[in-house]
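Have a look at the structure below before the remarks.
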Amino acid sequence: MSLGPQAQAGTAARFAHAVLGACAVGCAAFAPLGKAPFNLFFACGVLAFCAVAILDRGTLARSLREPVALWALALFALYAASLAWTAAPLREGALQLGSYRVLAMPLLFLPVLTDPVWRERTLRTLLAVLGVVLALSLVQSVHPLPFARASRDEFGILYRDAYVFSDRIRQAIQLGPLLLWAAGTALFARSASRRARLGLLAIAVVTAIDVMWLLKGRTGTLVVSGLLIYLLHARFGARGLALGVVGVVAVVASSVWMNARFGATLSDIHAYRQAGARNATGERLEMWRNAARMFADAPLFGAGIESYPVLSAAAYAAKGREPAELFHDPHHEFLYVAAELGLAGLLLLVGGLIALWRIAGRFDERWCWFTRGVVVLYVSAGMANCLLNLGWTGYLFGLLLALVAGRHAQARSEQGPSRARAFVIVRHDNLGDVALALPMAGLLKREVPGCTVHFAVRGYARDVASASRHVDGVVVVTDAAAFERDLRALRPDAVVFAFPSEPLARAAAHAGVPVRVGTARRWYHWRWCTVRPFVRRRGTSAHEAQLNLRLLAPFVADTALPREALWPLAGLAPSAVPGPAAAGWPLRDGVANVLLQVRSNGNGKEWPLRHYLSLIDALPADRFNFVINGTPAEGDALRAAAPALFALPQVTDATRGFTIPDLLRTLPRMDAVLSNSTGPMHLAALSGAPTLGLFVDLPGMDTVRWGPLGPHAHTIVAPREACVRCPRGAPECPCMAAIEVTRVARALEATIASK
C-alpha cells in the first residue's frame with residue numbers, strides 16, 4: 001500500500017530531521033579533533049537544514065525568532081557588511097568571513113537541539129571527545145605520542161616541557177567546557193550520589209592540573225581562575241566568592257612558582273615598558289596597542305574584517321620592524337572586534353553575552369550554571385586570545401551557542417504565553433484606570449480556564465481590585481524591590497503591564513517571571529519584557545478598556561470585543577465586598593438617592609460647583625437626597641468654597657468616615673450617580689448603577705476613550721464649539737461650564753426613571 005503525499009512528506013521531514021541531528025552529533029565529535037570531518041558534517045548539516053526548512057515551512061520562522069540565533073547572525077552580518085569598508089584586500093576579507101561561519105550554528109542546529117534527546121546526545125558526545133583529549137594529553141605528559149607535536153612560539157623558543165596533544169592554547173580553551181561541566185555537576189547535582197560527585201570533582205581537578213601545570217600557558221590560568229570564581233559564587237554566594245578569590249590567588253601563586261611561562265610575564269612586562277623589549281608578553285602588549293589605535297581611528301564601525309593584519313603590519317613597518325605570523329590577530333577578542341567592527345561590533349558582542357547571562361535565568365539549575373559558565377569561559381579566554389576565528393575554538397563556541405539556543409527555545413515553548421496559567425496585571429495608577437483594567441481579568445478567566453489572576457495596584461485602589469470576582473488576589477505596589485519580592489513569592493507565569501513602569505518591568509525580569517508583556521511603545525520594554533504588542537493609545541478610537549485588552553493578545557485569540565461586552569467582564573460584585581453592610585451611609589427612603597461626585601482629584605475636567613448648587617436648587621427638595629461623595633480633603637475644599645452646601649436639607653455629607661468598600665456596597669442602592677469623568681463614575685457604571693457622566697469633547701478625554709461602561713450608563717458631552725484647552729490656572733473649565741444645568745436636570749430625571 002502506497003503512502004499519501006502528506007504521509008510521504010512527513011516521512012521525509014522526519015528523515016531530514018534525523019540527518020540534521022546526526023550532523024550536530026558529528027560536529028560535536030570532531031570539533032576538538034579534525035577540521036576536515038567537522039567541515040563535512042557542517043556542510044551536510046546545511047543541506048539537512050534546508051531540507052527540514054522546505055518540508056516544514058515553519059522551521060525557519062521559528063529559528064529566526066530565537067534571540068541567540070538572531071544575535072549570532074547579526075554579528076556575522078556585521079562582519080559581512082564590513083567587507084564594504086575593510087582596509088584589507090577584498091579576497092582576504094571574504095576568506096576570513098568563512099571562518100566566522102560557526103556563528104550560523106545556532107540557527108543551523110536549532111531544529112534538533114530544541115529536542116532534549118538530540119541536545120543531550122550532542123552535549124554528551126562533545127564531553128566524551130573532550131575526555132579523550134584530556135586522556136591523550138595526560139599520556140603525552142608521560143610518553144610523547146607519535147602524532148603529537150610540541151608547541152613552538154614565534155620567538156624560536158621550543159617548550160620541550162610543555163607536553164601537548166595538539167596546541168596548548170587551543171587545548172586549554174577546549175578543556176574549559178569539560179572542567180566547567182565536571183565541577184558544576186559536582187557542585188550543583190545535589191541528587192547525585194556522593195561517590196559520583198567525588199568522581200566528577202576528581203575529573204575537574206585533573207582537568208585543571210592539565211590546563212594549569214602541564215600545558216603551562218597564561219590562557220589556562222585565566223580559564224581556571226574565571227571558572228573557579230564563578231562556580232563557587234554561583235553555588236555558595238558571597239562565601240563562595242571569597243573562597244574563589246582565595247583560590248585564584250593560590251592558583252596564580254602556584255603558577256608563578258611552577259610555571260616559568262607565567263612567572264616570566266611580570267618581568268617581560270617590565271622589560272617592555274622600560275625598553276620596548278621584544279619578548280612574548282611585550283609583543284602581545286604591542287598588538288593590543290595596535291588594535292586600540294585602529295579602534296581610535298575608526299570608532300564607529302571599525303576598519304573592517306581582516307584589516308588588523310594589514311594595519312598592524314603597517315604599524316610595525318613604521319617602526320622598522322617585521323611582523324610575524326603571530327600578529328594575525330591581537331590575541332584579545334574584544335580589542336579585535338573593536339578594531340575591525342568598531343563600537344557597533346563591540347556593543348553587539350558584549351550585549352549578546354549579557355543577554356546570554358540573563359536568559360540563563362529562565363533555565364533549570366543545570367543549564368543555568370552551564371550557560372553562564374560558557375559566558376565566563378568565553379570572556380576569560382577572550383582576554384588573551386581570539387576565539388571565534390581561531391579554528392577549533394570557533395567550532396567549539398559555535399556549538400556551545402547552538403546548545404544554549406536549543407535550550408532557550410525549549411524554555412520559551414515550555415514557559416511561553418500559551419502555557420501561562422498564573423497572571424499578574426500591573427495597573428498601579430488611579431481608581432478609574434484600575435476599574436477599566438478589570439475586564440482583563442474577566443477575559444483571562446473566560447479564555448484560559450483554570451487560570452489565576454492577581455492585580456498589582458497602589459494601596460488606595462486595592463479594594464477596587466478585590467471587589468471583582470475575577471481577581472484572585474491583590475499585590476500592593478510600594479516600590480520595585482517589594483514588587484520583586486512579591487513576584488518571587490507568587491511565581492506567576494506572566495506579568496502584564498497595563499500601566500508601563502521601567503522599575504517594575506526590571507523587577508519582574510529580576511524575579512524571573514517567564515513571560516513579561518508590555519507595549520512596544522516604551523523603550524525599556526524592549527529590554528525587560530519578553531512580549532511586546534504594539535498598543536498605541538494616542539489618536540485611537542478605541543475605549544481605554546479595549547486598549548487594555550489588546551495587551552492580552554499573546555494569551556487570548558480574540559481581544560477585539562465591542563464596548564457593550566466589556567462591563568460584564570469587570571466582575572464587580574459590590575455585595576460580595578467583605579465587611580459589614582453599609583448601614584451608616586446616609587440614604588433615605590421614599591426619595592431618589594443621587595450620588596454626586598463633584599471633584600475628580602485633579603484627574604479630569606470638572607463641572608463647576610456653582611452648577612451643582614444650581615442643579616440642587618432646581619430640583620424639588622422633597623424628592624431628592626443628594627449624597628456628596630469625595631475624600632476628606634475634597635470635603636474640606638467644598639466646605640471652604642461653598643459653606644452653605646452641606647447645610648441644605650436635601651444634601652448629606654459622605655466625605656468623612658466612609659471608605660471605598662462602603663462606596664462599592666452602596667452603589668447598587670443608588671437611584672443615580674452624577675459624576676465628572678473620574679474613578680467613582682466607572683465603579684458605579686461597572687457595578688450596574690444608573691450613571692450619568694459629564695464629559696468634554698476633546699481627543700483623549702471624550703466618551704470614546706473614557707466613557708462609562710455599564711447597562712445603565714449615560715453621558716452628557718459639552719458642546720464642541722465650547723471645548724478648548726483650558727488656560728493654566730483657570731478657576732473652572734469653560735467647556736464643562738457650557739453644559740447647561742437644565743440639560744443635566746432633564747437627563748438626571750430620565751436616568752432615575754430608567755432604573
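Chain labels run A, B, ... following the order of the C-alpha cells; each chain numbers its residues from 1, and ligands are numbered from 1 in the order shown.
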
Inset, instruction - Excluding Ala480 of chain A and any residue of its chain fewer than 6 positions from it, enumerate the residues within 8 Å of it, using only C-alpha atoms, and give them as JSON, numbers by chain. - result: {"A": [503, 504, 507]}

Legend entry - Contacts of segment 98-105 of chain A within 6 Å, only C-alpha atoms, excl. fewer than 6 positions in-chain, as JSON, numbers by chain: {"A": [72, 389, 395, 398, 402]}

Just to be explicit: take each residue in the selection above, keep N, CA and C atoms, and write the result as a PDB file, in the first residue's frame.
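Result file is out.pdb:
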```pdb
ATOM      1  N   ALA A  72      23.771  35.843  16.934  1.00  0.00           N
ATOM      2  CA  ALA A  72      24.910  35.286  16.206  1.00  0.00           C
ATOM      3  C   ALA A  72      24.857  35.673  14.731  1.00  0.00           C
ATOM      4  N   ASN A 389      37.422  33.068  15.447  1.00  0.00           N
ATOM      5  CA  ASN A 389      38.069  32.775  14.157  1.00  0.00           C
ATOM      6  C   ASN A 389      39.320  31.919  14.325  1.00  0.00           C
ATOM      7  N   TYR A 395      34.818  26.553  16.361  1.00  0.00           N
ATOM      8  CA  TYR A 395      33.855  25.459  16.245  1.00  0.00           C
ATOM      9  C   TYR A 395      33.225  25.162  17.606  1.00  0.00           C
ATOM     10  N   GLY A 398      30.810  27.993  18.710  1.00  0.00           N
ATOM     11  CA  GLY A 398      29.615  27.952  17.884  1.00  0.00           C
ATOM     12  C   GLY A 398      28.689  26.830  18.306  1.00  0.00           C
ATOM     13  N   ALA A 402      24.936  26.975  19.997  1.00  0.00           N
ATOM     14  CA  ALA A 402      23.807  26.220  19.458  1.00  0.00           C
ATOM     15  C   ALA A 402      23.098  25.430  20.559  1.00  0.00           C
TER      16      ALA A 402
END
```

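When atom CA of Ala344 of chain A is paired with atom CA of Ala296 of chain A, their separation reads 13.3 Å.
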
Legend entry - Residue among A:Pro106, A:Pro514, A:Gly176, A:Pro111 lying closest to Gly131 of chain A, counting only C-alpha atoms: A:Gly176

Legend entry - Proximity to Pro568 of chain A - best of A:Arg746, A:Gly688, A:Gly244, A:Asp653, only C-alpha atoms: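 Checking each candidate against Pro568 of chain A, we get A:Gly688 as the closest.
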
Inset, instruction - Assign secondary structure with DSSP using the backbone only, and return the residues of segment 486-646 of chain A in strand (DSSP E) as a VMD selection string. - result: chain A and resid 494 to 497 515 to 517 592 to 597 624 to 629

Legend entry - Distance criterion (only C-alpha atoms): nearest to Ala94 of chain A out of A:Leu130, A:Leu645, A:Ala81, A:Leu667: A:Ala81
